[in-house]
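Below: one structure, written as structure tokens.
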2 protein chains.
Amino acid sequence: MKDIAQRAGVSESAVSFALNDRPGVSEITRDRVRRVAEQLGWRPSTAARQLSGEGAATVGLVVARPADTLGVDSFFLQLISGIQEVLAERHLGLLFQVVEDVADECGVYRRWWAEHRVDGVMVVDPRTDDPRPDLLEELGLPAVVIGGVPDAGHPGISTVWADDAGAMAAVVDELYALGHRRIVHIAGLPGLAHTERRIRTLRAEAERRGLTEVRSVPTDYSDAEGAAVTRRVLESGTPPTALVYDNDVMAVAGVAAATELGFLVPGDVSVVAWEDSPLCRMVKPWLSALSRDTVQFGRTAAQELTALLDGGPARTVQVPVPRLIERESTGPCGA
Amino acid sequence: MKDIAQRAGVSESAVSFALNDRPGVSEITRDRVRRVAEQLGWRPSTAARQLSGEGAATVGLVVARPADTLGVDSFFLQLISGIQEVLAERHLGLLFQVVEDVADECGVYRRWWAEHRVDGVMVVDPRTDDPRPDLLEELGLPAVVIGGVPDAGHPGISTVWADDAGAMAAVVDELYALGHRRIVHIAGLPGLAHTERRIRTLRAEAERRGLTEVRSVPTDYSDAEGAAVTRRVLESGTPPTALVYDNDVMAVAGVAAATELGFLVPGDVSVVAWEDSPLCRMVKPWLSALSRDTVQFGRTAAQELTALLDGGPARTVQVPVPRLIERESTGPCGA
DNA sequence: ATCGATCACTAATGCGCTTTAGATTGCCTC
DNA sequence: GAGGCAATCTAAAGCGCATTAGTGATCGAT
């Protein structure tokens, strides 16, 4: 920057004004400085900038999942690439961290905050009794919760959410219409907010229709548990005629398990996967799935965060309800 | 830090000495300062630290793949979680970015370098005629190339690599032993170094054995192309009796496509997937796959980078050769 | 008893940038 | 033509830390 000042024949302050579109320099000087800066390939040192009051030009994302259950679904990378698109435009960096559990995650937030490493964070996998919003509010770290429930309790935190309840109701509607009365929901991790919401909605919908043989079984999202639970419920006295899996991986593993037990899909049992992905079209029968635009989800979340960083108010925005794509794994109830 | 100095009754310099294990303070003062710092939950501002000569305490990772082909395989998240493990110990952050192509990637490196944002980077998906090592060498940015070939041309850059050639040779060995003489390799992206290496090795192995009906077909790694190529080669006059897929996703899609055409796996055609993952055990038949410890791969790479940051010499380290796990999709040649 | 050396600590500088408080000039007004 | 004002620019301070050059005090050696 000293170089620029020298070459342009002005003071460093003038350079700062010129490059940050601040008043105090004439247009011709501004242009000259800009040209010199460009020519020199100058970029402001984020460290120096940050030290003098600006932000860190970085947002954080921490994922709390054990390594082995992390890579199985494509959700995260899709989400991240959506986030990136928006952040890249504004030259914001994404600091990414994988940890074991939520306690560690809180530790990371505290550290980032103390080190002034990030201007804001994106929180994924919101949970019931989640300590993170409280913490972030306390730290004063702008945040957007991805996939949470609208939460009036934290005025500084934005929420981007999909209507899982509505989607679950739609799935039950459709299965009911197909004649299914015994439905098992192979759910995801018990602590997650959207898992609980789906479970509650399923129960409510069942009660509304007077269905007694409808239930949810929580799992860890892994293919192994998906298959195991599938075997268990299908081998019970009165097996369900429809299975709803909370992710694509379990659905695929479940179909394989069912087939092995001699159950035809969708003849004997219908299957719905909550997350759509190429996977659902890679196995036969093709899986009916709840589809949403995960990349767009990420974009929306990042937009909310940048809005927050710009001093905007916290908002709660809803992304489109996941749509049920009926393929080959759902059909009329045969039992 | 000023607070700490005040509360401990010493100067800021003393605090700095104490907390950085530098000589110049007595052990009792050091302890006292440490206690106060801990009590206050103090963490050094990375920005300030960086400004006074230290590094950014951050390493960068940029992935150049279009969003939709990104999430399909579990490779990246596995790799990243391995990387994280090592970085977290040293309180190094991981700056992550997804871009469209290598040109953009180079732009990101230039920007990071100019902004002093990272101390080093990890390069993935090395290519033939890759511009990145040259660039990084020019910028003087410590780097480790993940999955490259040993490269003597860049003294400042470490390489962590798996012996794809050896693995391919082992696969051909095994398939040959099973009686297969017509083999098609459904390869990955043409520009990638390991793709080319696998293709070359396959050709060499074929020539060595006098096999004429062995070839590679490059793809974009997607399930769609995997299935399409599978259909094309199986419908040709003399279809291959063994297929080697460069990733798990294409292998699964390929098996589905083959089955649909009436080919039995492994009766009519054997299938090997290059990358092992839960996916390979989720479909029937279970896929024989080349397995390696991707998380460990990431750990090794991160260790090399930290060694480089500590001023160590650039090295070339090899991770274990992927092992062929024979499951149900390979068998004796029936044709 | 005096000098140099060692130890424990403090004062002051600089990293690269933003920003506030001047300084200088030209121009307008009455 | 003197005072005032806007426009354009410069000087200087400060962000939080590391580091270098100092400052006393204590100690052992002569």
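Each chain in the structure tokens gets a letter, A, B and so on, in the order shown; residues start at 1 in every chain, and ligands are counted from 1 in the order they appear.
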
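Distance criterion 9 Å to chain C, applied with only C-alpha atoms (C1' of nucleotides), yields Val10, Ser11, Glu12, Ser13, Ala14, Gly24, Val25, Ser26, Ala48, Gln50, Leu51, Ser52 and Gly53 of chain B on chain B.
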
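Taking stretch 13-178 of chain A and asking which residues DSSP calls strand (DSSP E) on the backbone, you get Thr58, Val59, Gly60, Leu61, Val62, Val63, Ala64, Gly93, Leu94, Leu95, Phe96, Gln97, Val98, Val99, Gly120, Val121, Met122, Val123, Ala143, Val144, Val145, Ile146, Ile157, Ser158, Thr159, Val160, Trp161 and Ala162 of chain A.
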
**OP:** Select residues of chain D: the criterion is any atom within 8 Å of an atom of chain A, counting only C-alpha atoms (C1' of nucleotides); output as a ChimeraX atom specification.
**Re:** /D:7-10,14-16

Least-squares align chain B to chain A using all Cα atoms paired by position, then dump the moved coordinates as a compact mmCIF listing (two decimals) with C-alpha atoms, in the first residue's frame.
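Everything below was put into result07.txt:
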# COMPACT_ATOMS: atom_id res chain seq x y z
CA MET B 1 -0.08 -0.05 -0.07
CA LYS B 2 2.91 2.10 0.58
CA ASP B 3 4.05 1.17 -2.91
CA ILE B 4 0.78 2.25 -4.37
CA ALA B 5 0.94 5.57 -2.57
CA GLN B 6 4.44 6.15 -3.86
CA ARG B 7 3.73 5.21 -7.45
CA ALA B 8 0.54 7.20 -7.56
CA GLY B 9 2.29 10.10 -5.94
CA VAL B 10 -0.12 10.47 -3.06
CA SER B 11 -0.25 9.62 0.63
CA GLU B 12 -1.31 6.29 2.03
CA SER B 13 -4.44 7.84 3.41
CA ALA B 14 -5.45 8.99 -0.03
CA VAL B 15 -4.97 5.46 -1.26
CA SER B 16 -7.16 4.12 1.50
CA PHE B 17 -9.86 6.65 0.67
CA ALA B 18 -9.64 5.95 -3.00
CA LEU B 19 -9.86 2.19 -2.72
CA ASN B 20 -12.65 2.14 -0.18
CA ASP B 21 -14.87 4.57 -2.03
CA ARG B 22 -14.64 7.08 0.75
CA PRO B 23 -14.91 10.80 0.08
CA GLY B 24 -11.77 12.84 0.30
CA VAL B 25 -10.12 12.30 -3.05
CA SER B 26 -10.91 13.58 -6.51
CA GLU B 27 -12.24 11.22 -9.08
CA ILE B 28 -9.12 11.41 -11.21
CA THR B 29 -6.86 10.54 -8.30
CA ARG B 30 -9.20 7.74 -7.36
CA ASP B 31 -8.96 6.30 -10.83
CA ARG B 32 -5.23 6.63 -10.91
CA VAL B 33 -4.87 4.89 -7.56
CA ARG B 34 -7.24 2.16 -8.64
CA ARG B 35 -5.23 1.52 -11.75
CA VAL B 36 -1.96 1.34 -9.88
CA ALA B 37 -3.46 -0.98 -7.30
CA GLU B 38 -4.80 -3.28 -9.93
CA GLN B 39 -1.54 -3.26 -11.79
CA LEU B 40 0.29 -4.26 -8.64
CA GLY B 41 -2.26 -6.95 -7.90
CA TRP B 42 -2.86 -5.46 -4.54
CA ARG B 43 -5.30 -6.96 -2.08
CA PRO B 44 -5.79 -5.64 1.42
CA SER B 45 -4.30 -7.75 4.15
CA THR B 46 -7.28 -9.17 5.95
CA ALA B 47 -5.33 -9.18 9.17
CA ALA B 48 -4.53 -5.50 9.06
CA ARG B 49 -8.01 -4.65 7.98
CA GLN B 50 -9.47 -6.62 10.79
CA LEU B 51 -7.16 -5.07 13.30
CA SER B 52 -8.41 -1.66 12.38
CA GLY B 53 -11.99 -2.37 13.13
CA GLU B 54 -13.32 -4.19 10.11
CA GLY B 55 -14.51 -7.73 10.38
CA ALA B 56 -12.55 -10.87 9.67
CA ALA B 57 -14.18 -11.32 6.26
CA THR B 58 -14.83 -14.90 7.24
CA VAL B 59 -17.78 -16.93 8.34
CA GLY B 60 -17.57 -20.19 10.18
CA LEU B 61 -19.27 -23.52 9.73
CA VAL B 62 -18.78 -26.37 12.11
CA VAL B 63 -20.21 -29.78 11.64
CA ALA B 64 -20.59 -32.01 14.64
CA ARG B 65 -20.72 -35.52 13.36
CA PRO B 66 -18.35 -38.41 13.73
CA ALA B 67 -16.17 -38.87 10.67
CA ASP B 68 -17.70 -42.08 9.48
CA THR B 69 -21.31 -40.93 9.42
CA LEU B 70 -20.29 -37.71 7.76
CA GLY B 71 -19.56 -38.64 4.22
CA VAL B 72 -22.47 -40.91 3.58
CA ASP B 73 -25.01 -38.41 2.44
CA SER B 74 -24.43 -35.73 -0.08
CA PHE B 75 -26.28 -33.11 1.92
CA PHE B 76 -23.34 -31.23 3.35
CA LEU B 77 -21.26 -30.74 0.29
CA GLN B 78 -24.31 -29.60 -1.62
CA LEU B 79 -25.18 -27.18 1.12
CA ILE B 80 -21.63 -25.90 1.29
CA SER B 81 -21.40 -25.31 -2.40
CA GLY B 82 -24.55 -23.23 -2.22
CA ILE B 83 -23.13 -21.28 0.68
CA GLN B 84 -19.90 -20.72 -1.19
CA GLU B 85 -21.58 -19.25 -4.19
CA VAL B 86 -22.93 -16.41 -2.13
CA LEU B 87 -19.87 -15.95 0.04
CA ALA B 88 -17.51 -15.91 -2.90
CA GLU B 89 -19.28 -12.93 -4.46
CA ARG B 90 -18.52 -10.93 -1.37
CA HIS B 91 -15.04 -12.28 -0.96
CA LEU B 92 -15.94 -13.85 2.32
CA GLY B 93 -13.99 -16.89 3.39
CA LEU B 94 -15.51 -20.00 4.87
CA LEU B 95 -13.76 -21.43 7.88
CA PHE B 96 -14.77 -25.04 8.16
CA GLN B 97 -14.41 -27.40 11.06
CA VAL B 98 -15.48 -30.93 11.83
CA VAL B 99 -15.86 -31.91 15.46
CA GLU B 100 -17.16 -34.84 17.46
CA ASP B 101 -20.09 -33.37 19.32
CA VAL B 102 -21.99 -30.24 20.18
CA ALA B 103 -19.89 -29.55 23.26
CA ASP B 104 -16.80 -29.39 21.10
CA GLU B 105 -18.70 -27.26 18.67
CA CYS B 106 -19.45 -24.74 21.38
CA GLY B 107 -15.78 -24.74 22.24
CA VAL B 108 -14.95 -23.89 18.66
CA TYR B 109 -17.39 -20.99 18.68
CA ARG B 110 -15.86 -19.65 21.86
CA ARG B 111 -12.40 -19.89 20.43
CA TRP B 112 -13.34 -18.31 17.14
CA TRP B 113 -15.02 -15.54 19.01
CA ALA B 114 -12.07 -14.93 21.30
CA GLU B 115 -9.67 -14.97 18.39
CA HIS B 116 -11.93 -12.72 16.33
CA ARG B 117 -11.62 -15.24 13.60
CA VAL B 118 -15.10 -15.07 12.15
CA ASP B 119 -17.76 -12.43 11.68
CA GLY B 120 -20.59 -14.90 11.92
CA VAL B 121 -21.41 -18.57 11.80
CA MET B 122 -23.84 -20.97 10.23
CA VAL B 123 -25.27 -23.58 12.53
CA VAL B 124 -26.39 -26.90 11.13
CA ASP B 125 -28.20 -29.86 12.63
CA PRO B 126 -30.16 -27.89 15.21
CA ARG B 127 -31.21 -29.99 18.16
CA THR B 128 -33.84 -30.07 20.79
CA ASP B 129 -32.56 -28.16 23.80
CA ASP B 130 -29.78 -26.82 21.68
CA PRO B 131 -27.19 -24.90 23.67
CA ARG B 132 -25.76 -23.18 20.61
CA PRO B 133 -28.23 -20.35 20.00
CA ASP B 134 -27.90 -19.28 23.63
CA LEU B 135 -24.16 -19.34 23.40
CA LEU B 136 -24.01 -17.43 20.14
CA GLU B 137 -26.43 -14.86 21.42
CA GLU B 138 -24.29 -14.46 24.51
CA LEU B 139 -21.16 -14.05 22.44
CA GLY B 140 -22.94 -11.66 20.13
CA LEU B 141 -21.88 -13.66 17.12
CA PRO B 142 -24.24 -13.24 14.18
CA ALA B 143 -25.61 -16.60 13.23
CA VAL B 144 -28.11 -18.34 11.05
CA VAL B 145 -29.51 -21.68 12.01
CA ILE B 146 -29.98 -23.96 9.06
CA GLY B 147 -32.91 -26.29 9.23
CA GLY B 148 -34.21 -25.22 12.56
CA VAL B 149 -37.66 -24.39 13.72
CA PRO B 150 -38.75 -20.78 13.81
CA ASP B 151 -37.45 -19.64 17.15
CA ALA B 152 -38.70 -16.48 18.72
CA GLY B 153 -36.38 -16.79 21.66
CA HIS B 154 -33.25 -15.53 19.98
CA PRO B 155 -33.69 -12.12 18.45
CA GLY B 156 -30.14 -11.96 17.10
CA ILE B 157 -30.28 -15.21 15.18
CA SER B 158 -31.78 -15.87 11.78
CA THR B 159 -33.38 -19.14 10.88
CA VAL B 160 -33.69 -20.79 7.52
CA TRP B 161 -36.02 -23.69 7.61
CA ALA B 162 -37.93 -26.16 5.54
CA ASP B 163 -41.37 -27.27 6.57
CA ASP B 164 -40.61 -30.81 7.59
CA ALA B 165 -43.96 -31.10 9.26
CA GLY B 166 -45.79 -30.20 6.09
CA ALA B 167 -43.68 -32.59 4.08
CA MET B 168 -44.30 -35.41 6.49
CA ALA B 169 -48.01 -34.72 6.39
CA ALA B 170 -47.91 -34.85 2.62
CA VAL B 171 -46.11 -38.17 2.68
CA VAL B 172 -48.63 -39.65 5.08
CA ASP B 173 -51.42 -38.27 2.92
CA GLU B 174 -50.06 -39.97 -0.12
CA LEU B 175 -49.36 -43.27 1.59
CA TYR B 176 -52.80 -43.21 3.15
CA ALA B 177 -54.36 -42.58 -0.21
CA LEU B 178 -52.50 -45.60 -1.55
CA GLY B 179 -54.15 -47.67 1.15
CA HIS B 180 -51.28 -47.95 3.60
CA ARG B 181 -52.27 -48.18 7.23
CA ARG B 182 -49.17 -49.65 8.83
CA ILE B 183 -46.27 -47.24 8.43
CA VAL B 184 -42.86 -47.24 10.05
CA HIS B 185 -40.70 -44.18 9.99
CA ILE B 186 -37.01 -45.03 10.17
CA ALA B 187 -35.91 -41.73 11.66
CA GLY B 188 -32.56 -40.05 12.02
CA LEU B 189 -30.62 -39.05 15.10
CA PRO B 190 -32.95 -38.61 18.07
CA GLY B 191 -31.55 -35.33 19.30
CA LEU B 192 -31.99 -33.42 16.08
CA ALA B 193 -34.81 -30.92 15.93
CA HIS B 194 -36.07 -31.99 12.54
CA THR B 195 -36.07 -35.62 13.58
CA GLU B 196 -38.29 -34.81 16.53
CA ARG B 197 -40.51 -32.67 14.39
CA ARG B 198 -41.00 -35.39 11.84
CA ILE B 199 -41.73 -37.90 14.56
CA ARG B 200 -44.27 -35.64 16.22
CA THR B 201 -45.97 -34.85 12.94
CA LEU B 202 -46.19 -38.48 12.00
CA ARG B 203 -47.79 -39.31 15.32
CA ALA B 204 -50.25 -36.44 14.99
CA GLU B 205 -51.20 -37.42 11.47
CA ALA B 206 -51.67 -41.02 12.56
CA GLU B 207 -53.90 -40.02 15.43
CA ARG B 208 -55.91 -37.76 13.21
CA ARG B 209 -56.68 -40.72 11.00
CA GLY B 210 -57.06 -43.22 13.80
CA LEU B 211 -54.06 -45.25 12.67
CA THR B 212 -52.61 -47.27 15.52
CA GLU B 213 -49.83 -49.10 13.74
CA VAL B 214 -47.71 -46.15 12.86
CA ARG B 215 -44.46 -45.42 14.61
CA SER B 216 -41.00 -43.97 14.35
CA VAL B 217 -37.72 -45.70 15.10
CA PRO B 218 -34.72 -43.45 15.61
CA THR B 219 -31.35 -44.43 14.15
CA ASP B 220 -27.93 -42.92 13.59
CA TYR B 221 -28.52 -42.36 9.86
CA SER B 222 -26.11 -45.14 8.94
CA ASP B 223 -26.81 -47.72 6.27
CA ALA B 224 -26.13 -50.42 8.84
CA GLU B 225 -28.81 -49.27 11.25
CA GLY B 226 -31.17 -48.57 8.42
CA ALA B 227 -30.86 -52.15 7.25
CA ALA B 228 -31.02 -53.58 10.76
CA VAL B 229 -34.17 -51.69 11.68
CA THR B 230 -35.75 -52.64 8.37
CA ARG B 231 -35.13 -56.31 9.05
CA ARG B 232 -36.46 -56.03 12.55
CA VAL B 233 -39.74 -54.36 11.64
CA LEU B 234 -40.36 -56.53 8.60
CA GLU B 235 -39.84 -59.71 10.58
CA SER B 236 -42.36 -58.70 13.23
CA GLY B 237 -45.81 -60.30 13.31
CA THR B 238 -47.65 -57.72 11.27
CA PRO B 239 -45.03 -55.98 9.16
CA PRO B 240 -45.63 -52.44 7.95
CA THR B 241 -46.66 -51.90 4.35
CA ALA B 242 -44.82 -48.62 4.03
CA LEU B 243 -41.45 -47.40 5.21
CA VAL B 244 -40.30 -43.80 5.38
CA TYR B 245 -36.55 -43.32 5.72
CA ASP B 246 -35.03 -40.12 7.00
CA ASN B 247 -32.23 -40.20 4.47
CA ASP B 248 -31.37 -41.71 1.13
CA VAL B 249 -28.62 -43.95 2.43
CA MET B 250 -30.84 -45.78 4.88
CA ALA B 251 -33.55 -46.09 2.26
CA VAL B 252 -31.23 -47.80 -0.17
CA ALA B 253 -29.86 -50.08 2.52
CA GLY B 254 -33.39 -50.76 3.68
CA VAL B 255 -34.61 -51.75 0.24
CA ALA B 256 -31.68 -54.13 -0.09
CA ALA B 257 -32.49 -55.65 3.29
CA ALA B 258 -36.18 -55.97 2.46
CA THR B 259 -35.47 -57.60 -0.86
CA GLU B 260 -33.20 -60.07 0.81
CA LEU B 261 -36.00 -61.03 3.20
CA GLY B 262 -38.20 -61.72 0.22
CA PHE B 263 -40.27 -58.58 0.37
CA LEU B 264 -41.01 -56.97 -2.96
CA VAL B 265 -40.76 -53.22 -3.32
CA PRO B 266 -43.26 -51.74 -3.86
CA GLY B 267 -45.47 -54.85 -4.05
CA ASP B 268 -45.16 -55.86 -0.40
CA VAL B 269 -43.79 -52.69 1.06
CA SER B 270 -43.57 -49.13 -0.22
CA VAL B 271 -40.50 -47.03 0.46
CA VAL B 272 -39.99 -43.29 0.62
CA ALA B 273 -36.60 -41.64 1.11
CA TRP B 274 -36.50 -38.25 2.74
CA GLU B 275 -33.55 -36.88 0.85
CA ASP B 276 -33.38 -37.14 -2.89
CA SER B 277 -30.02 -37.73 -4.55
CA PRO B 278 -28.55 -39.53 -7.52
CA LEU B 279 -28.49 -42.55 -5.26
CA CYS B 280 -32.25 -42.80 -5.48
CA ARG B 281 -32.03 -43.30 -9.21
CA MET B 282 -29.13 -45.67 -9.05
CA VAL B 283 -30.91 -48.59 -7.47
CA LYS B 284 -33.84 -50.60 -8.75
CA PRO B 285 -36.57 -49.89 -8.08
CA TRP B 286 -35.96 -46.17 -8.29
CA LEU B 287 -36.79 -44.65 -4.96
CA SER B 288 -39.62 -42.25 -4.42
CA ALA B 289 -38.10 -39.38 -2.52
CA LEU B 290 -38.70 -36.04 -0.91
CA SER B 291 -36.67 -33.68 -2.97
CA ARG B 292 -35.47 -30.23 -2.21
CA ASP B 293 -32.86 -27.94 -3.62
CA THR B 294 -30.06 -28.26 -1.11
CA VAL B 295 -27.75 -25.96 -3.01
CA GLN B 296 -30.41 -23.28 -2.96
CA PHE B 297 -30.89 -23.96 0.72
CA GLY B 298 -27.24 -23.12 1.25
CA ARG B 299 -27.50 -20.01 -0.89
CA THR B 300 -30.47 -18.77 1.10
CA ALA B 301 -28.73 -19.40 4.39
CA ALA B 302 -25.62 -17.56 3.25
CA GLN B 303 -27.68 -14.65 2.05
CA GLU B 304 -29.33 -14.37 5.42
CA LEU B 305 -25.97 -14.38 7.12
CA THR B 306 -24.54 -11.68 4.90
CA ALA B 307 -27.67 -9.62 5.51
CA LEU B 308 -27.06 -10.04 9.20
CA LEU B 309 -23.44 -8.98 8.79
CA ASP B 310 -24.59 -5.89 6.96
CA GLY B 311 -26.50 -4.95 10.05
CA GLY B 312 -29.84 -6.22 8.88
CA PRO B 313 -32.40 -7.63 11.29
CA ALA B 314 -32.60 -11.32 12.12
CA ARG B 315 -35.24 -13.03 10.04
CA THR B 316 -36.93 -16.35 9.72
CA VAL B 317 -37.17 -17.47 6.15
CA GLN B 318 -38.73 -20.59 4.85
CA VAL B 319 -37.46 -22.50 1.85
CA PRO B 320 -39.89 -24.43 -0.32
CA VAL B 321 -41.43 -27.52 1.21
CA PRO B 322 -39.69 -30.68 0.02
CA ARG B 323 -41.63 -32.19 -2.82
CA LEU B 324 -42.47 -35.89 -2.98
CA ILE B 325 -41.17 -37.33 -6.23
CA GLU B 326 -42.96 -40.57 -6.86
CA ARG B 327 -40.83 -43.08 -8.64
CA GLU B 328 -40.99 -46.82 -8.48
CA SER B 329 -40.72 -47.63 -4.80
CA THR B 330 -44.23 -46.56 -3.81
CA GLY B 331 -47.44 -48.18 -4.85
CA PRO B 332 -50.87 -49.24 -3.67
CA CYS B 333 -50.97 -51.25 -0.51
CA GLY B 334 -51.11 -54.95 -1.27
CA ALA B 335 -51.76 -56.28 2.22

Original post:
Which of stretch 47-129 of chain A counts as helix (DSSP H, G or I) under DSSP, as a count of residues only please?
Top reply: 37
